[in-house]
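Okay, coords.cif is below, mmCIF, C-alpha atoms:
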data_final
#
loop_
_atom_site.label_atom_id
_atom_site.label_comp_id
_atom_site.auth_asym_id
_atom_site.auth_seq_id
_atom_site.Cartn_x
_atom_site.Cartn_y
_atom_site.Cartn_z
CA MET F 110 121.60 64.51 257.39
CA ILE F 111 120.13 62.37 260.14
CA ASN F 112 123.30 60.52 261.15
CA GLN F 113 125.73 63.39 260.80
CA TYR F 114 126.32 63.64 264.52
CA LEU F 115 126.65 59.87 264.88
CA PHE F 116 129.30 59.65 262.15
CA THR F 117 131.23 62.89 262.48
CA LEU F 118 130.39 64.41 265.90
CA LYS F 119 129.51 67.59 264.04
CA GLY F 120 126.19 69.31 263.67
CA PRO F 121 123.32 69.36 266.16
CA PRO F 122 123.86 66.69 268.82
CA ASP F 123 121.40 63.84 269.00
CA PRO F 124 119.92 63.85 272.54
CA PHE F 125 119.92 60.06 272.86
CA ILE F 126 123.53 59.74 271.70
CA ARG F 127 124.63 62.59 273.97
CA ARG F 128 122.98 60.83 276.89
CA LEU F 129 124.80 57.60 276.13
CA GLU F 130 128.09 59.45 275.70
CA LYS F 131 127.72 61.08 279.10
CA VAL F 132 126.78 57.82 280.78
CA LEU F 133 129.62 55.88 279.20
CA ALA F 134 132.27 58.53 279.85
CA GLU F 135 133.01 56.82 283.15
CA LYS F 136 134.04 53.68 281.27
CA ARG F 137 136.98 55.42 279.67
CA TYR F 138 140.28 53.89 280.64
CA ILE F 139 142.65 56.18 282.52
CA CYS F 140 146.30 55.42 282.03
CA VAL F 141 148.09 56.14 285.33
CA ARG F 142 151.45 56.73 283.68
CA SER F 143 149.94 59.30 281.33
CA LEU F 144 148.36 61.02 284.30
CA SER F 145 151.64 61.28 286.17
CA ARG F 146 153.27 62.67 283.05
CA ALA F 147 150.47 65.20 282.66
CA GLY F 148 150.87 66.13 286.33
CA ARG F 149 154.55 66.84 285.82
CA ARG F 150 153.71 68.99 282.81
CA VAL F 151 151.19 70.98 284.83
CA VAL F 152 153.74 71.60 287.60
CA LEU F 153 156.35 72.70 285.07
CA ALA F 154 153.88 75.02 283.34
CA ALA F 155 152.86 76.56 286.68
CA ALA F 156 156.52 77.12 287.61
CA ALA F 157 157.18 78.77 284.25
CA LEU F 158 154.19 81.06 284.74
CA LEU F 159 155.41 82.03 288.21
CA VAL F 160 158.87 82.84 286.90
CA ALA F 161 157.41 84.93 284.08
CA ALA F 162 155.15 86.81 286.52
CA ALA F 163 158.08 87.47 288.87
CA ALA F 164 160.19 88.75 285.99
CA MET F 165 157.41 91.14 284.92
CA PHE F 166 156.99 92.33 288.51
CA LEU F 167 160.70 93.05 288.89
CA GLN F 168 160.77 94.83 285.55
CA ALA F 169 157.87 97.06 286.61
CA ASP F 170 159.78 98.06 289.76
CA ASP F 171 162.79 99.14 287.73
CA PRO F 172 163.06 103.01 287.99
CA ALA F 173 164.37 103.20 284.44
CA GLU F 174 161.02 101.88 283.28
CA ALA F 175 158.96 104.32 285.40
CA PRO F 176 156.99 106.95 283.43
CA ALA F 177 158.38 110.48 283.26
CA PRO F 178 156.73 113.02 285.59
CA GLY F 179 153.90 114.83 283.91
CA SER F 180 153.51 112.27 281.16
CA SER F 181 150.15 111.10 282.49
CA PRO F 182 147.22 113.39 281.66
CA VAL F 183 145.38 112.40 284.85
CA VAL F 184 146.39 114.27 288.01
CA TYR F 185 144.83 113.98 291.45
CA THR F 186 144.69 117.01 293.75
CA GLU F 187 143.03 117.67 297.07
CA GLN F 188 140.81 120.61 297.95
CA ASN F 189 139.14 121.01 301.35
CA SER F 190 140.11 117.47 302.19
CA ALA F 191 137.92 116.20 299.38
CA PRO F 192 139.63 114.35 296.54
CA VAL F 193 139.11 116.15 293.26
CA LEU F 194 140.04 114.80 289.89
CA THR F 195 141.42 117.25 287.38
CA ARG F 196 142.31 116.30 283.91
CA ALA F 197 144.05 118.28 281.21
CA SER F 198 145.38 116.43 278.21
CA ARG F 199 147.13 119.35 276.56
CA PRO F 200 149.16 121.51 278.90
CA GLN F 201 149.48 125.05 277.58
CA SER F 202 152.76 126.92 277.42
CA GLY F 203 153.77 128.33 280.78
CA GLN F 204 151.37 126.05 282.53
CA GLY F 205 152.34 123.11 284.71
CA ALA F 206 152.31 119.61 283.52
CA GLY F 207 148.58 119.21 283.45
CA ILE F 208 147.74 120.59 286.89
CA VAL F 209 144.81 122.95 286.73
CA SER F 210 144.18 125.27 289.63
CA PRO F 211 140.62 125.55 291.00
CA GLU F 212 140.46 129.28 290.09
CA ARG F 213 141.10 128.51 286.44
CA ALA F 214 138.78 125.57 286.22
CA THR F 215 136.90 125.50 282.97
CA LEU F 216 134.71 123.02 281.23
CA SER F 217 135.12 123.20 277.50
CA GLY F 218 132.58 122.23 274.90
CA PRO F 219 131.96 118.66 273.79
CA ASP F 220 134.20 119.04 270.75
CA SER F 221 137.19 119.94 272.82
CA ASP F 222 139.40 117.22 274.23
CA SER F 223 140.56 119.40 277.13
CA PHE F 224 138.46 119.73 280.25
CA SER F 225 138.83 119.92 283.98
CA VAL F 226 136.53 119.44 286.94
CA THR F 227 137.50 121.08 290.19
CA SER F 228 134.43 121.16 292.35
CA LEU F 229 132.16 118.49 293.68
CA PRO F 230 128.37 118.82 293.28
CA GLY F 231 126.80 120.83 296.09
CA GLU F 232 129.91 122.77 296.95
CA MET Q 232 136.26 92.82 269.95
CA PRO Q 233 139.82 91.55 270.01
CA ARG Q 234 139.65 90.56 273.71
CA ALA Q 235 136.62 88.30 273.19
CA LEU Q 236 138.23 86.68 270.15
CA ALA Q 237 141.37 85.91 272.11
CA LEU Q 238 139.34 84.29 274.89
CA ASP Q 239 137.45 82.16 272.37
CA GLU Q 240 140.68 80.93 270.89
CA LEU Q 241 142.06 80.17 274.32
CA ASN Q 242 138.89 78.30 275.18
CA GLN Q 243 139.17 76.12 272.12
CA PHE Q 244 142.77 75.36 272.94
CA ALA Q 245 142.10 74.58 276.58
CA PHE Q 246 138.99 72.48 275.96
CA PRO Q 247 139.62 70.53 272.79
CA LYS Q 248 136.69 68.26 273.59
CA SER Q 249 134.26 71.15 273.35
CA ARG Q 250 132.04 71.14 270.32
CA VAL Q 251 133.30 74.52 269.13
CA GLY Q 252 136.79 73.72 268.04
CA LEU Q 253 136.53 69.96 267.81
CA PRO Q 254 137.12 69.05 264.16
CA ARG Q 255 140.16 71.16 263.41
CA LEU Q 256 142.03 70.33 266.61
CA ARG Q 257 141.21 66.65 266.28
CA ASP Q 258 142.39 66.46 262.69
CA PHE Q 259 145.60 68.21 263.60
CA ARG Q 260 146.21 65.88 266.54
CA ASN Q 261 145.44 62.74 264.52
CA LYS Q 262 147.83 63.79 261.80
CA TRP Q 263 150.56 64.44 264.34
CA VAL Q 264 149.91 61.09 266.06
CA ARG Q 265 150.12 59.22 262.76
CA GLN Q 266 153.36 60.90 261.78
CA SER Q 267 155.04 60.34 265.11
CA LEU Q 268 153.95 56.71 265.34
CA ILE Q 269 156.25 55.13 262.75
CA PRO Q 270 159.59 56.05 264.40
CA LEU Q 271 158.24 54.78 267.71
CA VAL Q 272 157.20 51.47 266.16
CA LEU Q 273 160.59 51.07 264.50
CA ARG Q 274 162.33 51.72 267.81
CA ALA Q 275 160.05 49.27 269.59
CA GLN Q 276 160.79 46.65 266.96
CA ALA Q 277 164.45 47.15 267.80
CA ARG Q 278 163.48 46.15 271.36
CA ASP Q 279 163.45 49.65 272.80
CA ARG Q 280 161.30 49.34 275.92
CA PRO Q 281 160.58 53.07 276.49
CA ALA Q 282 159.38 53.33 272.89
CA PHE Q 283 157.00 50.43 273.37
CA SER Q 284 155.85 51.93 276.64
CA GLU Q 285 155.03 55.18 274.87
CA LEU Q 286 153.17 53.25 272.17
CA TRP Q 287 151.20 51.39 274.79
CA GLU Q 288 150.27 54.58 276.62
CA ARG Q 289 148.91 56.01 273.41
CA HIS Q 290 146.85 52.93 272.59
CA SER Q 291 145.74 51.74 276.01
CA ARG Q 292 142.40 53.55 275.85
CA LEU Q 293 141.62 52.10 272.46
CA VAL Q 294 142.57 48.57 273.50
CA HIS Q 295 140.52 48.87 276.66
CA ALA Q 296 137.47 50.07 274.75
CA ILE Q 297 137.75 47.18 272.29
CA LEU Q 298 138.01 44.67 275.12
CA LEU Q 299 135.16 46.39 276.91
CA SER Q 300 132.92 45.74 273.93
CA MET Q 301 133.50 42.02 274.47
CA VAL Q 302 134.03 41.32 278.17
CA PRO Q 303 133.10 43.00 281.49
CA ASP Q 304 135.25 45.75 283.05
CA GLN Q 305 137.40 43.70 285.38
CA GLU Q 306 138.26 41.11 282.78
CA ALA Q 307 139.00 43.82 280.25
CA GLU Q 308 141.60 45.31 282.58
CA ASP Q 309 143.12 41.90 283.19
CA LEU Q 310 143.24 41.20 279.48
CA MET Q 311 145.10 44.41 278.78
CA GLN Q 312 148.22 42.93 280.31
CA GLU Q 313 147.96 39.95 278.01
CA VAL Q 314 147.48 42.17 274.98
CA ALA Q 315 150.55 44.23 275.85
CA LEU Q 316 152.62 41.09 276.35
CA ALA Q 317 151.41 39.50 273.13
CA ALA Q 318 152.13 42.69 271.19
CA TRP Q 319 155.64 42.97 272.64
CA ARG Q 320 156.42 39.34 271.79
CA SER Q 321 155.13 39.47 268.24
CA LEU Q 322 156.34 42.93 267.24
CA ASP Q 323 158.73 41.35 264.75
CA ASN Q 324 155.78 39.96 262.81
CA LEU Q 325 154.51 43.47 262.07
CA GLU Q 326 155.68 44.24 258.54
CA GLU Q 327 154.13 47.68 258.03
CA PRO Q 328 154.83 50.02 260.96
CA GLU Q 329 152.09 52.41 259.83
CA ARG Q 330 149.57 49.60 260.41
CA PHE Q 331 150.52 49.25 264.07
CA THR Q 332 147.17 50.46 265.43
CA PRO Q 333 144.95 48.07 263.44
CA TRP Q 334 147.44 45.29 264.18
CA LEU Q 335 147.17 45.95 267.91
CA THR Q 336 143.38 46.07 267.77
CA THR Q 337 143.38 42.70 266.02
CA ILE Q 338 145.45 41.23 268.84
CA ALA Q 339 143.03 42.69 271.39
CA ARG Q 340 140.05 41.33 269.48
CA ASN Q 341 141.52 37.84 269.24
CA LEU Q 342 142.43 37.72 272.90
CA GLY Q 343 138.97 38.98 273.81
CA ARG Q 344 137.41 36.16 271.78
CA ASP Q 345 139.71 33.67 273.47
CA MET Q 346 138.64 35.00 276.84
CA LEU Q 347 134.98 34.53 275.95
CA LYS Q 348 135.70 30.89 275.11
CA ARG Q 349 137.37 30.22 278.44
CA PRO Q 350 135.23 28.34 280.95
CA ARG Q 351 135.97 30.79 283.78
CA CYS Q 352 134.14 33.58 281.96
CA THR Q 353 130.76 32.59 283.33
CA GLU Q 354 128.83 35.85 283.32
CA GLN Q 355 125.76 35.44 281.22
CA ILE Q 356 124.74 38.50 279.29
CA ARG Q 357 121.08 38.41 278.57
CA PRO Q 358 119.99 39.67 275.16
CA ALA Q 359 118.71 43.24 275.17
CA HIS Q 360 115.12 42.37 274.30
CA GLU Q 361 114.93 39.75 277.08
CA ARG Q 362 116.39 42.09 279.71
CA LEU Q 363 114.23 45.01 278.74
CA ALA Q 364 111.11 42.89 278.69
CA VAL Q 365 111.64 42.50 282.42
CA GLU Q 366 112.82 46.00 283.25
CA PRO Q 367 112.02 48.44 280.45
CA ALA Q 368 114.15 51.59 280.51
CA ARG Q 369 112.25 54.76 279.89
CA ALA Q 370 113.67 57.94 278.38
CA ASP Q 371 113.38 59.76 281.70
CA GLN Q 372 114.97 56.92 283.68
CA LYS Q 373 118.59 57.28 284.71
CA LEU Q 374 120.82 55.10 282.59
CA GLU Q 375 123.60 53.17 284.22
CA ALA Q 376 126.86 52.66 282.39
CA ASP Q 377 126.90 48.93 283.12
CA ASP Q 378 123.39 48.53 281.74
CA VAL Q 379 124.35 50.30 278.54
CA MET Q 380 127.53 48.26 278.15
CA ASN Q 381 125.67 45.00 278.77
CA CYS Q 382 123.15 46.03 276.19
CA ILE Q 383 125.89 46.80 273.66
CA ARG Q 384 127.54 43.44 274.36
CA SER Q 385 124.26 41.70 273.68
CA LEU Q 386 124.06 43.17 270.16
CA PRO Q 387 125.41 41.26 267.13
CA GLU Q 388 129.21 41.21 267.12
CA PRO Q 389 129.88 43.56 264.18
CA TYR Q 390 128.00 46.38 265.94
CA ARG Q 391 129.64 46.14 269.35
CA GLU Q 392 133.07 47.50 268.64
CA PRO Q 393 132.12 50.53 266.51
CA LEU Q 394 129.40 51.48 268.98
CA THR Q 395 131.75 51.19 271.96
CA LEU Q 396 134.46 53.25 270.28
CA ARG Q 397 131.91 55.84 269.21
CA LEU Q 398 130.19 56.18 272.58
CA VAL Q 399 132.99 55.57 275.06
CA LEU Q 400 135.92 57.23 273.27
CA GLU Q 401 133.76 59.60 271.18
CA LEU Q 402 135.58 58.74 267.96
CA SER Q 403 134.12 59.62 264.59
CA ALA Q 404 133.43 56.96 261.96
CA LYS Q 405 136.57 58.00 260.11
CA GLU Q 406 138.71 57.66 263.23
CA ILE Q 407 137.19 54.27 264.05
CA ALA Q 408 137.97 53.06 260.53
CA GLU Q 409 141.58 54.24 260.81
CA ARG Q 410 142.11 52.57 264.14
CA THR Q 411 140.41 49.26 263.53
CA GLY Q 412 141.39 48.71 259.90
CA LEU Q 413 137.76 48.45 258.79
CA THR Q 414 136.49 50.40 255.79
CA ARG Q 415 134.73 53.66 256.49
CA GLY Q 416 131.57 52.40 254.80
CA SER Q 417 131.27 49.31 256.95
CA VAL Q 418 131.89 51.33 260.10
CA ARG Q 419 129.08 53.69 259.14
CA VAL Q 420 126.70 50.84 258.36
CA ASN Q 421 127.50 49.06 261.62
CA LEU Q 422 127.18 52.26 263.62
CA CYS Q 423 123.85 53.10 262.05
CA ARG Q 424 122.34 49.64 262.51
CA GLY Q 425 123.78 49.21 265.97
CA MET Q 426 122.44 52.55 267.12
CA LYS Q 427 119.03 51.66 265.72
CA LEU Q 428 119.00 48.48 267.81
CA LEU Q 429 120.23 50.39 270.83
CA ARG Q 430 117.47 52.96 270.48
CA ALA Q 431 114.92 50.19 270.20
CA ALA Q 432 116.38 48.42 273.23
CA PHE Q 433 116.18 51.52 275.40
CA ASP Q 434 112.80 52.49 274.01
CA ASP Q 435 114.00 56.00 273.40
CA GLY Q 436 111.35 58.53 272.58
CA THR Q 437 113.78 61.18 271.37
CA THR Q 438 114.87 59.49 268.14
CA SER Q 439 115.62 61.83 265.28
#
Please, can you express the file's structure as C-alpha cells?
Amino acid sequence: MINQYLFTLKGPPDPFIRRLEKVLAEKRYICVRSLSRAGRRVVLAAAALLVAAAAMFLQADDPAEAPAPGSSPVVYTEQNSAPVLTRASRPQSGQGAGIVSPERATLSGPDSDSFSVTSLPGE
Amino acid sequence: MPRALALDELNQFAFPKSRVGLPRLRDFRNKWVRQSLIPLVLRAQARDRPAFSELWERHSRLVHAILLSMVPDQEAEDLMQEVALAAWRSLDNLEEPERFTPWLTTIARNLGRDMLKRPRCTEQIRPAHERLAVEPARADQKLEADDVMNCIRSLPEPYREPLTLRLVLELSAKEIAERTGLTRGSVRVNLCRGMKLLRAAFDDGTTS
C-alpha cells in the first residue's frame, strides 16, 4: 500500500515524508512545565537507582552472604613466581577442596569434566 | 539469546518513538490518556485549576501545531494564551467530557481564523507555486522548517491541519481523527491530497 506510512507510520518509511518529519521536528512545541516535571522524575529515578546500588553493595559485603571456602571450583596458586591456574571441579575423597598439586597434575580426556593445568608453555 | 531479547525490550521502552515498538506502545498510551482524561475534565469543570493545568499540559503541543498550520510561529505562541483562557472560561459549555480534545481544537481553530482576519497579521504567504517558481527546491537541497511550514500554510485549508499534525507531531491518521473530531476517511483523503501537492511543490524526485 503506497500510503501506508503516511497514514499509519508503519511499514517502509517514505524518504520524502521522513525528510519533512526531520525538518519539522524543530517546530514541535516544548511545554516548560512538562520539562520541569520530567526533570524531577529523572532526578528521583537516579536517586532510587543509587539507593538500590548501595543496598546491593552493602549486601555483597555482608560476611553471611560470602561463599563457603572451597565452594568455587577455580583456585589460583603460584609456582616459581608465575601465576598458574588450576581447576578441579570434583574434589576426590581425601583431597583438598579443589587444589591440585603440580606433581599430580593431569589432563584428562575431552569427555571428562575434570582437568588441571599446572605448568606454563616452555617450562 | 535471553540477554539480547532483554536489551531489545529495554530499547523499545526507552525509545518509544523508534520504529520498532511504535504501534503497540502508542496504542497503549493513547488508551491510557483517553481513560484518564474524563476525571480531569470533570475536575476542571468544577473549577479545579491544577486539573485544568494538567489538561493544558497534555494538549499544548496539539494546540500549538493546529495554530502553526494557520499562523507563523510567534503568533501561534501568543495565541496559545488566548486559547487557554477561552477554554477555561467556556468549560461549562462542554457537555461531553470525552469530547474535550476535539472541543479544544475547535477553539484553537476559531481563534486562529480570527487572528488571520485581524489587520495586524500582515505577513503575506505566497502560494507554493509562485514561491517555487522563483526559488525551486531540489531534492538534494536542504529544506528549512520555515519554508516547509509556509508551503503548508499556502495549501488549501482542509489540507493544512492534517498535514501539520502528521509531519510535526508524527500522528497517524487515526490519531488525527480522534483529536480533531474529523472522520478517519476525510483525514486520509486530506492527507493524501495535501501530500501530493506538497510533493509537487518541492519537486521531489523520490516519490513512491
Return as a compact mmCIF listing (two decimals) with C-alpha atoms, in the coordinates of the input the residues belonging to chain F that are within 9 Å of chain Q, counting all atoms listed in the file.
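Okay, result20.txt is ready:
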# COMPACT_ATOMS: atom_id res chain seq x y z
CA ILE F 111 120.13 62.37 260.14
CA ASN F 112 123.30 60.52 261.15
CA TYR F 114 126.32 63.64 264.52
CA LEU F 115 126.65 59.87 264.88
CA PHE F 116 129.30 59.65 262.15
CA THR F 117 131.23 62.89 262.48
CA LEU F 118 130.39 64.41 265.90
CA LYS F 119 129.51 67.59 264.04
CA ASP F 123 121.40 63.84 269.00
CA PRO F 124 119.92 63.85 272.54
CA PHE F 125 119.92 60.06 272.86
CA ILE F 126 123.53 59.74 271.70
CA ARG F 127 124.63 62.59 273.97
CA ARG F 128 122.98 60.83 276.89
CA LEU F 129 124.80 57.60 276.13
CA GLU F 130 128.09 59.45 275.70
CA LYS F 131 127.72 61.08 279.10
CA VAL F 132 126.78 57.82 280.78
CA LEU F 133 129.62 55.88 279.20
CA ALA F 134 132.27 58.53 279.85
CA GLU F 135 133.01 56.82 283.15
CA LYS F 136 134.04 53.68 281.27
CA ARG F 137 136.98 55.42 279.67
CA TYR F 138 140.28 53.89 280.64
CA ILE F 139 142.65 56.18 282.52
CA CYS F 140 146.30 55.42 282.03
CA ARG F 142 151.45 56.73 283.68
CA SER F 143 149.94 59.30 281.33
Considering all atoms listed in the file, state which residue in the set Q:Cys382, Q:Ile297, Q:Ala317, Q:Ala275 is at the smallest distance from Q:Pro333.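 Ranked by minimum distance to Q:Pro333, first place goes to Q:Ile297.
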By how many Å are atom CA of Q:Leu310 and atom CA of Q:Leu298 apart? 7.6 Å
Residues matched by the PyMOL selection byres ((chain Q and resi 319) around 10), written as a count of residues only: 17
Find the distance between atom CA of F:Ala164 and atom CA of F:Arg146 and write it in Å to one decimal.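 Taking atom CA of F:Ala164 as the start and atom CA of F:Arg146 as the end point, the length is 27.1 Å.
Applied to this file, the PyMOL selection byres ((chain Q and resi 270) around 12) selects Val264, Arg265, Gln266, Ser267, Leu268, Ile269, Leu271, Val272, Leu273, Arg274, Ala275, Gln276, Ala277, Asp279, Ala282, Phe283, Glu285, Leu286, Glu327, Pro328, Glu329 and Phe331 of chain Q.
Relative to atom CA of Q:Glu409, atom CA of Q:Asn261 is found at 10.0 Å.
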Which of these, Q:Trp263, Q:Val302, Q:Asn421, Q:Arg410, has the shortest distance to Q:Arg349 once you count all atoms listed in the file? Q:Val302
